[in-house]
file input04.txt (compact mmCIF, C-alpha atoms and all ligand atoms)
# COMPACT_ATOMS: atom_id res chain seq x y z
CA MET A 5 -79.57 -9.28 -12.30
CA LYS A 6 -78.56 -12.16 -14.59
CA ASP A 7 -81.23 -13.11 -17.07
CA ARG A 8 -81.70 -16.78 -17.89
CA LYS A 9 -82.68 -16.06 -21.48
CA LEU A 10 -79.72 -13.80 -22.20
CA GLN A 11 -77.05 -15.48 -20.10
CA GLY A 12 -74.23 -16.71 -22.35
CA LYS A 13 -75.95 -15.41 -25.49
CA LYS A 14 -73.69 -13.81 -28.09
CA ILE A 15 -74.81 -10.34 -29.05
CA LEU A 16 -73.44 -7.93 -31.63
CA VAL A 17 -74.11 -4.21 -31.17
CA THR A 18 -73.03 -1.99 -34.06
CA GLY A 19 -72.61 1.58 -32.87
CA GLY A 20 -72.24 0.25 -29.34
CA ALA A 21 -69.84 3.00 -28.24
CA GLY A 22 -72.52 5.63 -28.70
CA PHE A 23 -74.85 7.02 -26.08
CA LEU A 24 -77.72 4.57 -26.62
CA GLY A 25 -75.58 1.63 -27.65
CA SER A 26 -73.27 1.81 -24.65
CA HIS A 27 -76.16 1.81 -22.17
CA LEU A 28 -77.63 -1.18 -23.98
CA VAL A 29 -74.25 -2.96 -23.83
CA ASP A 30 -73.95 -2.37 -20.06
CA SER A 31 -77.39 -3.82 -19.52
CA LEU A 32 -76.76 -6.87 -21.74
CA LEU A 33 -73.51 -7.59 -19.90
CA LYS A 34 -75.28 -7.32 -16.53
CA LYS A 35 -77.73 -9.92 -17.79
CA GLY A 36 -74.87 -12.30 -18.54
CA ALA A 37 -74.56 -11.95 -22.32
CA LYS A 38 -71.33 -11.97 -24.34
CA VAL A 39 -71.16 -8.75 -26.31
CA VAL A 40 -69.16 -7.57 -29.30
CA VAL A 41 -69.29 -3.90 -30.30
CA LEU A 42 -68.35 -2.59 -33.72
CA ASP A 43 -67.98 1.18 -33.71
CA ASP A 44 -65.82 3.55 -35.74
CA LEU A 45 -65.75 6.06 -32.86
CA SER A 46 -66.86 8.84 -35.21
CA THR A 47 -69.28 10.03 -32.56
CA GLY A 48 -69.13 7.12 -30.12
CA LYS A 49 -66.49 7.19 -27.38
CA ARG A 50 -64.32 4.46 -25.96
CA SER A 51 -64.91 6.00 -22.52
CA ASN A 52 -68.62 5.17 -22.84
CA LEU A 53 -67.48 1.56 -22.64
CA ASN A 54 -65.23 1.95 -19.59
CA ASP A 55 -67.27 -0.51 -17.54
CA ALA A 56 -67.80 -2.92 -20.43
CA LEU A 57 -64.07 -3.01 -21.23
CA LYS A 58 -63.41 -4.46 -17.77
CA ASN A 59 -65.69 -7.39 -18.52
CA SER A 60 -64.22 -10.60 -19.94
CA ARG A 61 -67.47 -11.22 -21.84
CA PHE A 62 -66.96 -8.03 -23.83
CA LYS A 63 -64.98 -7.25 -26.96
CA PHE A 64 -64.60 -3.92 -28.75
CA ILE A 65 -63.74 -3.74 -32.44
CA LYS A 66 -63.01 -0.39 -34.02
CA GLY A 67 -64.44 -0.28 -37.50
CA ASP A 68 -67.09 1.06 -39.80
CA VAL A 69 -70.38 -0.80 -40.12
CA ASN A 70 -70.43 0.25 -43.77
CA ASP A 71 -67.25 -1.74 -44.34
CA ALA A 72 -68.78 -4.97 -45.68
CA LYS A 73 -65.64 -7.01 -45.19
CA ALA A 74 -65.15 -6.01 -41.55
CA LEU A 75 -68.78 -6.65 -40.69
CA GLY A 76 -68.77 -9.98 -42.55
CA LEU A 77 -65.74 -11.16 -40.59
CA ILE A 78 -67.43 -10.35 -37.29
CA PHE A 79 -70.59 -12.26 -38.18
CA LYS A 80 -68.50 -15.19 -39.42
CA SER A 81 -66.23 -15.48 -36.42
CA PHE A 82 -68.56 -14.38 -33.58
CA ARG A 83 -71.80 -15.99 -34.86
CA PRO A 84 -74.12 -13.75 -32.83
CA ASP A 85 -77.42 -15.07 -31.48
CA TYR A 86 -78.79 -11.54 -31.62
CA ALA A 87 -77.66 -8.41 -33.44
CA PHE A 88 -78.45 -4.73 -32.96
CA GLN A 89 -78.04 -2.24 -35.80
CA TYR A 90 -77.35 1.03 -33.94
CA ALA A 91 -74.48 2.45 -36.00
CA ALA A 92 -75.44 5.64 -37.82
CA VAL A 93 -74.37 9.19 -38.50
CA VAL A 94 -76.27 11.03 -35.76
CA GLY A 95 -77.10 14.54 -34.57
CA VAL A 96 -79.29 17.09 -36.30
CA ASP A 97 -76.44 19.52 -37.06
CA ARG A 98 -74.05 16.83 -38.22
CA THR A 99 -76.59 15.09 -40.46
CA GLN A 100 -77.74 18.41 -41.89
CA LYS A 101 -74.19 19.41 -42.74
CA LYS A 102 -73.56 16.14 -44.57
CA PRO A 103 -76.92 14.98 -45.89
CA LEU A 104 -75.47 12.79 -48.62
CA ILE A 105 -72.93 11.08 -46.40
CA VAL A 106 -75.86 9.94 -44.27
CA LEU A 107 -77.07 7.91 -47.27
CA ASN A 108 -73.95 5.73 -47.07
CA ASP A 109 -75.50 4.18 -43.99
CA LEU A 110 -77.87 2.36 -46.34
CA TYR A 111 -74.99 0.11 -47.43
CA GLY A 112 -74.26 -0.80 -43.84
CA ILE A 113 -77.91 -1.51 -43.14
CA ALA A 114 -78.34 -3.68 -46.26
CA ASN A 115 -75.20 -5.58 -45.44
CA PHE A 116 -76.14 -6.02 -41.79
CA PHE A 117 -79.47 -7.67 -42.60
CA ALA A 118 -78.01 -9.86 -45.33
CA LEU A 119 -75.34 -11.11 -42.92
CA ALA A 120 -77.83 -11.63 -40.09
CA LYS A 121 -79.84 -13.90 -42.39
CA LYS A 122 -76.78 -15.67 -43.76
CA TYR A 123 -75.48 -16.52 -40.30
CA GLY A 124 -78.83 -17.45 -38.80
CA VAL A 125 -79.12 -14.63 -36.24
CA LYS A 126 -82.19 -15.38 -34.09
CA LYS A 127 -83.36 -11.79 -34.04
CA THR A 128 -82.24 -8.33 -35.10
CA VAL A 129 -83.14 -4.97 -33.58
CA PHE A 130 -82.98 -1.89 -35.78
CA ALA A 131 -82.71 1.53 -34.14
CA SER A 132 -85.14 3.73 -36.03
CA SER A 133 -86.18 7.23 -35.11
CA SER A 134 -89.08 9.62 -34.67
CA GLU A 135 -87.46 11.43 -37.64
CA VAL A 136 -89.37 9.06 -39.96
CA TYR A 137 -92.54 11.01 -39.11
CA GLY A 138 -90.91 14.33 -40.02
CA GLU A 139 -93.50 17.00 -39.39
CA PRO A 140 -96.42 14.81 -38.27
CA ILE A 141 -99.38 14.57 -40.62
CA LYS A 142 -101.53 13.75 -37.60
CA MET A 143 -100.95 13.51 -33.88
CA PRO A 144 -100.32 11.60 -31.78
CA ASN A 145 -98.36 9.55 -34.31
CA ARG A 146 -99.25 5.92 -34.56
CA GLU A 147 -96.92 3.44 -36.18
CA ASP A 148 -99.09 2.92 -39.26
CA ASP A 149 -99.45 6.65 -40.01
CA PRO A 150 -97.99 7.86 -43.30
CA LEU A 151 -94.34 8.80 -42.96
CA ASN A 152 -93.12 12.26 -43.86
CA PRO A 153 -89.35 12.36 -43.32
CA LYS A 154 -87.69 15.71 -43.93
CA THR A 155 -84.08 14.62 -43.77
CA THR A 156 -81.89 11.99 -45.37
CA TYR A 157 -81.43 10.66 -41.83
CA GLY A 158 -85.20 10.08 -41.60
CA VAL A 159 -85.27 8.49 -45.05
CA VAL A 160 -82.46 6.09 -44.16
CA LYS A 161 -84.30 5.08 -40.98
CA ALA A 162 -87.53 4.54 -42.93
CA VAL A 163 -85.70 2.32 -45.43
CA GLY A 164 -84.09 0.42 -42.57
CA GLU A 165 -87.54 -0.35 -41.19
CA GLU A 166 -88.46 -1.86 -44.56
CA PHE A 167 -85.39 -4.09 -44.39
CA VAL A 168 -86.61 -5.35 -41.01
CA LYS A 169 -90.03 -6.20 -42.43
CA VAL A 170 -88.72 -7.85 -45.59
CA TYR A 171 -86.13 -9.96 -43.80
CA ASN A 172 -88.64 -10.89 -41.13
CA SER A 173 -90.93 -12.19 -43.86
CA ILE A 174 -88.19 -14.41 -45.27
CA GLY A 175 -87.30 -16.13 -42.03
CA SER A 176 -84.90 -13.66 -40.39
CA PRO A 177 -86.83 -12.19 -37.44
CA GLY A 178 -86.37 -8.57 -36.49
CA VAL A 179 -87.99 -5.52 -34.96
CA ALA A 180 -87.65 -1.80 -35.71
CA LEU A 181 -87.90 0.62 -32.80
CA ARG A 182 -88.71 4.27 -33.34
CA PHE A 183 -86.78 6.07 -30.65
CA PHE A 184 -88.01 9.45 -29.48
CA ASN A 185 -85.68 11.97 -27.83
CA VAL A 186 -83.72 9.77 -25.45
CA TYR A 187 -81.61 11.56 -22.84
CA GLY A 188 -79.37 10.71 -19.93
CA PRO A 189 -75.74 10.26 -18.90
CA ARG A 190 -73.11 10.12 -21.70
CA GLN A 191 -75.22 11.96 -24.27
CA ASP A 192 -73.30 14.38 -26.48
CA ALA A 193 -73.72 17.84 -24.96
CA SER A 194 -71.31 19.61 -27.31
CA SER A 195 -72.44 22.27 -29.78
CA GLU A 196 -73.32 19.41 -32.16
CA GLY A 197 -75.05 17.52 -29.37
CA PHE A 198 -78.60 17.24 -28.05
CA VAL A 199 -80.82 19.62 -26.19
CA VAL A 200 -80.99 18.08 -22.70
CA GLY A 201 -77.22 17.80 -22.31
CA LYS A 202 -76.71 21.23 -23.86
CA PHE A 203 -79.13 22.94 -21.48
CA ILE A 204 -77.61 21.15 -18.51
CA MET A 205 -74.04 22.05 -19.48
CA GLN A 206 -75.04 25.65 -20.09
CA ALA A 207 -76.78 25.88 -16.73
CA LEU A 208 -73.92 24.18 -14.87
CA ALA A 209 -71.54 26.73 -16.40
CA GLY A 210 -73.76 29.54 -15.08
CA LYS A 211 -75.04 30.34 -18.56
CA ARG A 212 -78.64 30.80 -19.62
CA PRO A 213 -79.96 27.87 -21.70
CA THR A 214 -80.36 28.89 -25.35
CA VAL A 215 -83.87 28.09 -26.53
CA PHE A 216 -84.11 28.07 -30.33
CA GLY A 217 -87.05 30.15 -31.57
CA ASP A 218 -90.18 30.56 -29.48
CA GLY A 219 -89.53 27.36 -27.53
CA LEU A 220 -93.02 26.07 -28.18
CA GLN A 221 -91.77 23.16 -30.28
CA THR A 222 -92.46 19.87 -28.51
CA ARG A 223 -90.47 16.71 -27.89
CA ASP A 224 -91.17 13.55 -25.93
CA PHE A 225 -88.16 12.87 -23.72
CA VAL A 226 -87.44 9.28 -22.70
CA TYR A 227 -84.84 8.54 -20.05
CA VAL A 228 -82.17 6.16 -21.32
CA ASP A 229 -82.87 3.39 -18.76
CA ASP A 230 -86.48 3.25 -19.95
CA ASN A 231 -85.29 3.10 -23.54
CA VAL A 232 -82.96 0.18 -22.78
CA GLU A 233 -85.66 -1.72 -20.95
CA ALA A 234 -88.04 -1.29 -23.87
CA VAL A 235 -85.35 -2.44 -26.30
CA ILE A 236 -84.53 -5.61 -24.38
CA ARG A 237 -88.21 -6.47 -23.92
CA SER A 238 -88.70 -5.99 -27.66
CA LEU A 239 -85.78 -8.30 -28.38
CA MET A 240 -87.08 -11.06 -26.15
CA SER A 241 -90.73 -11.08 -27.21
CA SER A 242 -91.65 -12.89 -30.42
CA LYS A 243 -94.79 -10.71 -30.58
CA THR A 244 -92.60 -7.91 -31.90
CA ASN A 245 -91.25 -9.85 -34.88
CA GLY A 246 -91.65 -7.85 -38.07
CA GLU A 247 -93.11 -4.89 -36.17
CA VAL A 248 -92.28 -1.21 -35.97
CA ILE A 249 -92.84 0.26 -32.50
CA ASN A 250 -92.76 3.78 -31.05
CA ILE A 251 -90.63 3.89 -27.93
CA VAL A 252 -92.16 6.90 -26.31
CA ARG A 253 -93.54 8.32 -23.07
CA GLY A 254 -96.52 9.85 -24.79
CA LYS A 255 -96.09 13.05 -22.74
CA PRO A 256 -94.54 15.73 -24.92
CA CYS A 257 -93.18 18.89 -23.37
CA THR A 258 -92.15 22.17 -24.96
CA ILE A 259 -88.50 23.09 -25.18
CA GLU A 260 -89.27 26.17 -23.09
CA GLU A 261 -90.64 23.89 -20.36
CA LEU A 262 -87.57 21.71 -20.61
CA ALA A 263 -85.29 24.73 -20.17
CA GLU A 264 -87.37 25.89 -17.16
CA SER A 265 -87.13 22.42 -15.61
CA VAL A 266 -83.34 22.35 -16.00
CA VAL A 267 -82.77 25.78 -14.46
CA ALA A 268 -85.24 25.01 -11.66
CA ILE A 269 -82.89 22.21 -10.61
CA VAL A 270 -79.51 23.80 -11.35
CA ASP A 271 -79.96 27.50 -10.68
CA LYS A 272 -83.28 29.31 -10.40
CA ASN A 273 -81.67 32.65 -11.29
CA LEU A 274 -80.81 31.58 -14.83
CA LYS A 275 -83.66 32.54 -17.09
CA PRO A 276 -83.63 30.68 -20.44
CA ILE A 277 -82.74 32.96 -23.35
CA HIS A 278 -84.43 32.83 -26.75
CA VAL A 279 -82.14 32.80 -29.77
CA ALA A 280 -82.74 32.42 -33.51
CA PRO A 281 -84.79 29.37 -34.50
CA ARG A 282 -82.98 26.38 -35.93
CA VAL A 283 -84.11 26.26 -39.52
CA ALA A 284 -82.59 23.21 -41.17
CA GLY A 285 -83.97 19.96 -39.90
CA GLU A 286 -86.21 21.48 -37.24
CA ILE A 287 -89.41 19.59 -36.53
CA ARG A 288 -92.10 21.59 -34.76
CA TYR A 289 -94.13 18.91 -33.04
CA ARG A 290 -93.34 15.44 -31.84
CA HIS A 291 -96.10 13.57 -30.15
CA ALA A 292 -96.59 9.84 -30.52
CA ASP A 293 -98.79 7.10 -29.25
CA GLY A 294 -97.27 4.39 -27.06
CA SER A 295 -100.15 1.94 -27.03
CA LYS A 296 -98.54 -0.53 -29.43
CA MET A 297 -95.47 -0.66 -27.16
CA LYS A 298 -97.72 -1.23 -24.15
CA LYS A 299 -99.63 -3.96 -25.96
CA LEU A 300 -96.68 -5.87 -27.44
CA ILE A 301 -94.10 -5.61 -24.66
CA ASN A 302 -96.28 -4.56 -21.74
CA PHE A 303 -94.11 -1.57 -21.03
CA SER A 304 -94.50 2.13 -20.43
CA PRO A 305 -91.57 4.34 -19.47
CA LYS A 306 -91.42 4.79 -15.71
CA ILE A 307 -89.06 7.71 -15.23
CA GLU A 308 -90.72 11.11 -15.19
CA LEU A 309 -88.88 13.99 -16.79
CA ASN A 310 -87.88 15.66 -13.53
CA GLU A 311 -86.47 12.47 -12.07
CA GLY A 312 -84.54 11.76 -15.28
CA LEU A 313 -83.20 15.31 -15.37
CA LEU A 314 -82.00 15.00 -11.77
CA LYS A 315 -80.09 11.80 -12.57
CA THR A 316 -78.64 13.33 -15.74
CA ILE A 317 -77.58 16.54 -14.03
CA GLU A 318 -75.89 14.52 -11.30
CA TRP A 319 -73.90 12.67 -13.98
CA TYR A 320 -72.81 15.84 -15.79
CA ARG A 321 -71.78 17.34 -12.46
CA GLY A 322 -69.35 14.40 -12.25
N1 LIG B 1 -82.88 23.10 -29.08
C1 LIG B 1 -82.80 24.33 -28.44
N2 LIG B 1 -81.59 24.78 -28.03
C2 LIG B 1 -80.43 24.05 -28.21
C3 LIG B 1 -80.53 22.80 -28.84
C4 LIG B 1 -81.76 22.36 -29.29
O1 LIG B 1 -83.82 25.03 -28.27
O2 LIG B 1 -79.35 24.52 -27.79
C5 LIG B 1 -84.20 22.61 -29.52
C6 LIG B 1 -84.24 22.27 -31.00
O3 LIG B 1 -84.59 23.42 -31.74
C7 LIG B 1 -85.30 21.19 -31.05
C8 LIG B 1 -85.20 20.50 -29.69
O4 LIG B 1 -84.46 21.39 -28.86
O5 LIG B 1 -86.58 21.74 -31.18
C9 LIG B 1 -84.52 19.15 -29.72
O6 LIG B 1 -83.30 19.30 -30.40
P1 LIG B 1 -82.25 18.11 -30.51
O7 LIG B 1 -81.18 18.57 -31.44
O8 LIG B 1 -81.84 17.65 -29.16
O9 LIG B 1 -83.06 16.90 -31.15
P2 LIG B 1 -84.15 16.78 -32.33
O10 LIG B 1 -85.40 16.39 -31.63
O11 LIG B 1 -84.32 18.09 -33.01
O12 LIG B 1 -83.63 15.71 -33.19
call {"tool": "encode", "arguments": {"input": "input04.txt", "output": "structure tokens"}}
result
Amino acid sequence: MKDRKLQGKKILVTGGAGFLGSHLVDSLLKKGAKVVVLDDLSTGKRSNLNDALKNSRFKFIKGDVNDAKALGLIFKSFRPDYAFQYAAVVGVDRTQKKPLIVLNDLYGIANFFALAKKYGVKKTVFASSSEVYGEPIKMPNREDDPLNPKTTYGVVKAVGEEFVKVYNSIGSPGVALRFFNVYGPRQDASSEGFVVGKFIMQALAGKRPTVFGDGLQTRDFVYVDDNVEAVIRSLMSSKTNGEVINIVRGKPCTIEELAESVVAIVDKNLKPIHVAPRVAGEIRYRHADGSKMKKLINFSPKIELNEGLLKTIEWYRG
């Protein structure tokens, strides 16, 4: 599975101990790259990198991406060919509890792009989010629709996208990817975690999944392997330079349907239970258009929700 174009390439992944970052790291290592991860382990976990840590082409550095000195030293000594900006305060509950702390991530982002330019990084990838759309003004969301972020997290991601475009225009190529609800092994399923893992853990413990509100809110769930493939294709294609791209399946489902799908696999007797709606930070509808992704990187996610849920449930079962 080595990849001629990535073999021996030096790649920095900030936030690489997180759910998304660690899957990306595993894939880059399989393709023969040399990878350095900077992660402060605030939400990321060293155990997410268990496979990577066995690889001689991998190095883990514990530190904060917002620490300009630490990040500068890494760029200076490692001289990455490519760099991924994944580090961020994540999770709806966590970011809602500390909305102003989320803004600190702007320093890290600004610093990351300045360093990438200074050290001649060939291309950057910025992890953006569907949160930039907030409550959609129209649907399905296309990349050039007006943004309507409702959270500081969404605002920071929207600003990050602008950094990508500006730096791209001054000779430092980059792409911003708007991730929609990615799920799969290693995702945080704690009370501050994300819905797929939470429902699975509840069901595996014999508990009824807790659907917030009427359950008719929609999300577009993308299995993590599809996300990683889209990311690497976006890195390798020069067509994506300076672009913002939805990474999406284009097939939203309601949270009620998601809960039904999980219990159908784990235990048919567990009927999902409706609890109070989540108020802060809740977005009602997420539905986006994937045609730009298809056009620029010739990719559409392959893994249907049920198949992805089966794989994820298997992982949580251990
Ligand atoms: N959700 C739910 N029960 C839970 C956790 C989440 O019904 O225990 C719903 C939540 O209200 C939201 C959706 O699942 O509509 C996705 O939530 P998550 O926090 O995973 O991500 P978001 O898309 O909101 O960033």
call {"tool": "closest_atom_pairs", "arguments": {"input": "input04.txt", "of": "chain A", "to": "ligand LIG 1 (chain B)", "cutoff": "7 Å", "atoms": "all atoms listed in the file", "output": "Markdown table"}}
result
| residue | atom | partner | partner_atom | distance |
| --- | --- | --- | --- | --- |
| A:Gly95 | CA | B:LIG1 | O7 | 6.5 |
| A:Val96 | CA | B:LIG1 | O7 | 5.4 |
| A:Asn185 | CA | B:LIG1 | O10 | 5.8 |
| A:Gly197 | CA | B:LIG1 | O7 | 6.6 |
| A:Phe198 | CA | B:LIG1 | O8 | 3.4 |
| A:Val199 | CA | B:LIG1 | O8 | 3.7 |
| A:Val200 | CA | B:LIG1 | O8 | 6.5 |
| A:Lys202 | CA | B:LIG1 | O2 | 5.8 |
| A:Phe203 | CA | B:LIG1 | O2 | 6.5 |
| A:Pro213 | CA | B:LIG1 | O2 | 7.0 |
| A:Thr214 | CA | B:LIG1 | N2 | 5.1 |
| A:Val215 | CA | B:LIG1 | O1 | 3.5 |
| A:Phe216 | CA | B:LIG1 | O1 | 3.7 |
| A:Gly217 | CA | B:LIG1 | O1 | 6.9 |
| A:Gly219 | CA | B:LIG1 | O1 | 6.2 |
| A:Gln221 | CA | B:LIG1 | O5 | 5.5 |
| A:Thr222 | CA | B:LIG1 | O5 | 6.7 |
| A:Arg223 | CA | B:LIG1 | O10 | 6.3 |
| A:Ile259 | CA | B:LIG1 | O4 | 5.7 |
| A:Pro281 | CA | B:LIG1 | O3 | 6.6 |
| A:Arg282 | CA | B:LIG1 | O3 | 5.4 |
| A:Glu286 | CA | B:LIG1 | O11 | 5.7 |
| A:Ile287 | CA | B:LIG1 | O11 | 6.4 |
| A:Arg288 | CA | B:LIG1 | O5 | 6.6 |
call {"tool": "closest_residue", "arguments": {"input": "input04.txt", "among": "A:Ala120, A:Val39, A:Leu208, A:Leu57", "to": "Lys80 (chain A)", "atoms": "only C-alpha atoms"}}
result
A:Ala120
call {"tool": "atom_distance", "arguments": {"input": "input04.txt", "atom1": "CA of Phe225 (chain A)", "atom2": "CA of Arg321 (chain A)"}}
result
20.4 Å
call {"tool": "closest_residue", "arguments": {"input": "input04.txt", "among": "A:Ala91, A:Val235, A:Ala56, A:Leu16", "to": "Ile301 (chain A)", "atoms": "all atoms listed in the file"}}
result
A:Val235
call {"tool": "residues_near_point", "arguments": {"input": "input04.txt", "point": "(-70.1, 1.8, -20.0)", "cutoff": "8 Å", "atoms": "only C-alpha atoms", "output": "PyMOL selection string"}}
result
chain A and resi 26-27+29-30+51-57
call {"tool": "closest_residue", "arguments": {"input": "input04.txt", "among": "A:Ile65, A:Lys142, A:Phe130, A:Val93", "to": "Val106 (chain A)", "atoms": "only C-alpha atoms"}}
result
A:Val93
call {"tool": "closest_residue", "arguments": {"input": "input04.txt", "among": "A:Tyr90, A:Tyr320, A:Tyr137, A:Phe116", "to": "Phe184 (chain A)", "atoms": "only C-alpha atoms"}}
result
A:Tyr137
call {"tool": "closest_residue", "arguments": {"input": "input04.txt", "among": "A:Asn108, A:Asn59, A:Ser134, A:Asn115", "to": "Val248 (chain A)", "atoms": "only C-alpha atoms"}}
result
A:Ser134
call {"tool": "closest_residue", "arguments": {"input": "input04.txt", "among": "A:Leu262, A:Ile78, A:Ala284, A:Ala268", "to": "Leu220 (chain A)", "atoms": "only C-alpha atoms"}}
result
A:Leu262
call {"tool": "atom_distance", "arguments": {"input": "input04.txt", "atom1": "CA of Pro189 (chain A)", "atom2": "CA of Lys49 (chain A)"}}
result
12.9 Å
call {"tool": "residues_near_point", "arguments": {"input": "input04.txt", "point": "(-80.5, -6.7, -19.5)", "cutoff": "10 Å", "atoms": "all atoms listed in the file", "output": "number ranges by chain"}}
result
A: 5-7, 9-11, 27-37, 232-233, 235-237
call {"tool": "residues_around", "arguments": {"input": "input04.txt", "residues": "Gly164 (chain A)", "least_positions_apart": "4", "cutoff": "9 Å", "atoms": "all atoms listed in the file", "output": "PDB file with C-alpha atoms, in the coordinates of the input"}}
result
ATOM      1  CA  LEU A 110     -77.870   2.360 -46.340  1.00  0.00           C
ATOM      2  CA  ILE A 113     -77.910  -1.510 -43.140  1.00  0.00           C
ATOM      3  CA  ALA A 114     -78.340  -3.680 -46.260  1.00  0.00           C
ATOM      4  CA  PHE A 130     -82.980  -1.890 -35.780  1.00  0.00           C
ATOM      5  CA  ALA A 131     -82.710   1.530 -34.140  1.00  0.00           C
ATOM      6  CA  SER A 132     -85.140   3.730 -36.030  1.00  0.00           C
ATOM      7  CA  VAL A 159     -85.270   8.490 -45.050  1.00  0.00           C
ATOM      8  CA  VAL A 160     -82.460   6.090 -44.160  1.00  0.00           C
ATOM      9  CA  VAL A 168     -86.610  -5.350 -41.010  1.00  0.00           C
ATOM     10  CA  LYS A 169     -90.030  -6.200 -42.430  1.00  0.00           C
ATOM     11  CA  ALA A 180     -87.650  -1.800 -35.710  1.00  0.00           C
TER      12      ALA A 180
END
call {"tool": "atom_distance", "arguments": {"input": "input04.txt", "atom1": "CA of Pro150 (chain A)", "atom2": "CA of Ile174 (chain A)"}}
result
24.4 Å
call {"tool": "residues_around", "arguments": {"input": "input04.txt", "residues": "Met143 (chain A)", "least_positions_apart": "5", "cutoff": "10 Å", "atoms": "only C-alpha atoms", "output": "tab-separated table (two decimals) with C-alpha atoms, in the coordinates of the input"}}
result
chain	number	residue	atom	x	y	z
A	149	ASP	CA	-99.45	6.65	-40.01
A	289	TYR	CA	-94.13	18.91	-33.04
A	290	ARG	CA	-93.34	15.44	-31.84
A	291	HIS	CA	-96.10	13.57	-30.15
A	292	ALA	CA	-96.59	9.84	-30.52
A	293	ASP	CA	-98.79	7.10	-29.25
call {"tool": "build_atoms", "arguments": {"input": "input04.txt", "residues": "region 43-57 of chain A", "atoms": "N, CA and C atoms", "output": "CSV table (one decimal), in the frame of the given file"}}
result
chain,number,residue,atom,x,y,z
A,43,ASP,N,-67.7,-0.3,-33.7
A,43,ASP,CA,-68.0,1.2,-33.7
A,43,ASP,C,-66.8,1.9,-34.3
A,44,ASP,N,-67.0,2.8,-35.2
A,44,ASP,CA,-65.8,3.6,-35.7
A,44,ASP,C,-65.4,4.8,-34.9
A,45,LEU,N,-66.1,5.0,-33.8
A,45,LEU,CA,-65.8,6.1,-32.9
A,45,LEU,C,-65.8,7.4,-33.5
A,46,SER,N,-66.7,7.5,-34.6
A,46,SER,CA,-66.9,8.8,-35.2
A,46,SER,C,-67.6,9.8,-34.3
A,47,THR,N,-68.6,9.2,-33.6
A,47,THR,CA,-69.3,10.0,-32.6
A,47,THR,C,-69.3,9.2,-31.2
A,48,GLY,N,-69.2,7.9,-31.3
A,48,GLY,CA,-69.1,7.1,-30.1
A,48,GLY,C,-67.8,7.4,-29.4
A,49,LYS,N,-67.7,7.0,-28.2
A,49,LYS,CA,-66.5,7.2,-27.4
A,49,LYS,C,-66.1,5.9,-26.7
A,50,ARG,N,-64.8,5.6,-26.7
A,50,ARG,CA,-64.3,4.5,-26.0
A,50,ARG,C,-64.7,4.6,-24.5
A,51,SER,N,-64.6,5.8,-24.0
A,51,SER,CA,-64.9,6.0,-22.5
A,51,SER,C,-66.3,5.6,-22.2
A,52,ASN,N,-67.3,5.6,-23.1
A,52,ASN,CA,-68.6,5.2,-22.8
A,52,ASN,C,-68.6,3.7,-22.5
A,53,LEU,N,-67.5,3.0,-22.9
A,53,LEU,CA,-67.5,1.6,-22.6
A,53,LEU,C,-66.5,1.2,-21.5
A,54,ASN,N,-66.2,2.2,-20.7
A,54,ASN,CA,-65.2,2.0,-19.6
A,54,ASN,C,-65.6,0.7,-18.7
A,55,ASP,N,-66.9,0.6,-18.4
A,55,ASP,CA,-67.3,-0.5,-17.5
A,55,ASP,C,-67.2,-1.8,-18.4
A,56,ALA,N,-67.7,-1.7,-19.6
A,56,ALA,CA,-67.8,-2.9,-20.4
A,56,ALA,C,-66.4,-3.5,-20.7
A,57,LEU,N,-65.4,-2.6,-20.9
A,57,LEU,CA,-64.1,-3.0,-21.2
A,57,LEU,C,-63.4,-3.8,-20.1
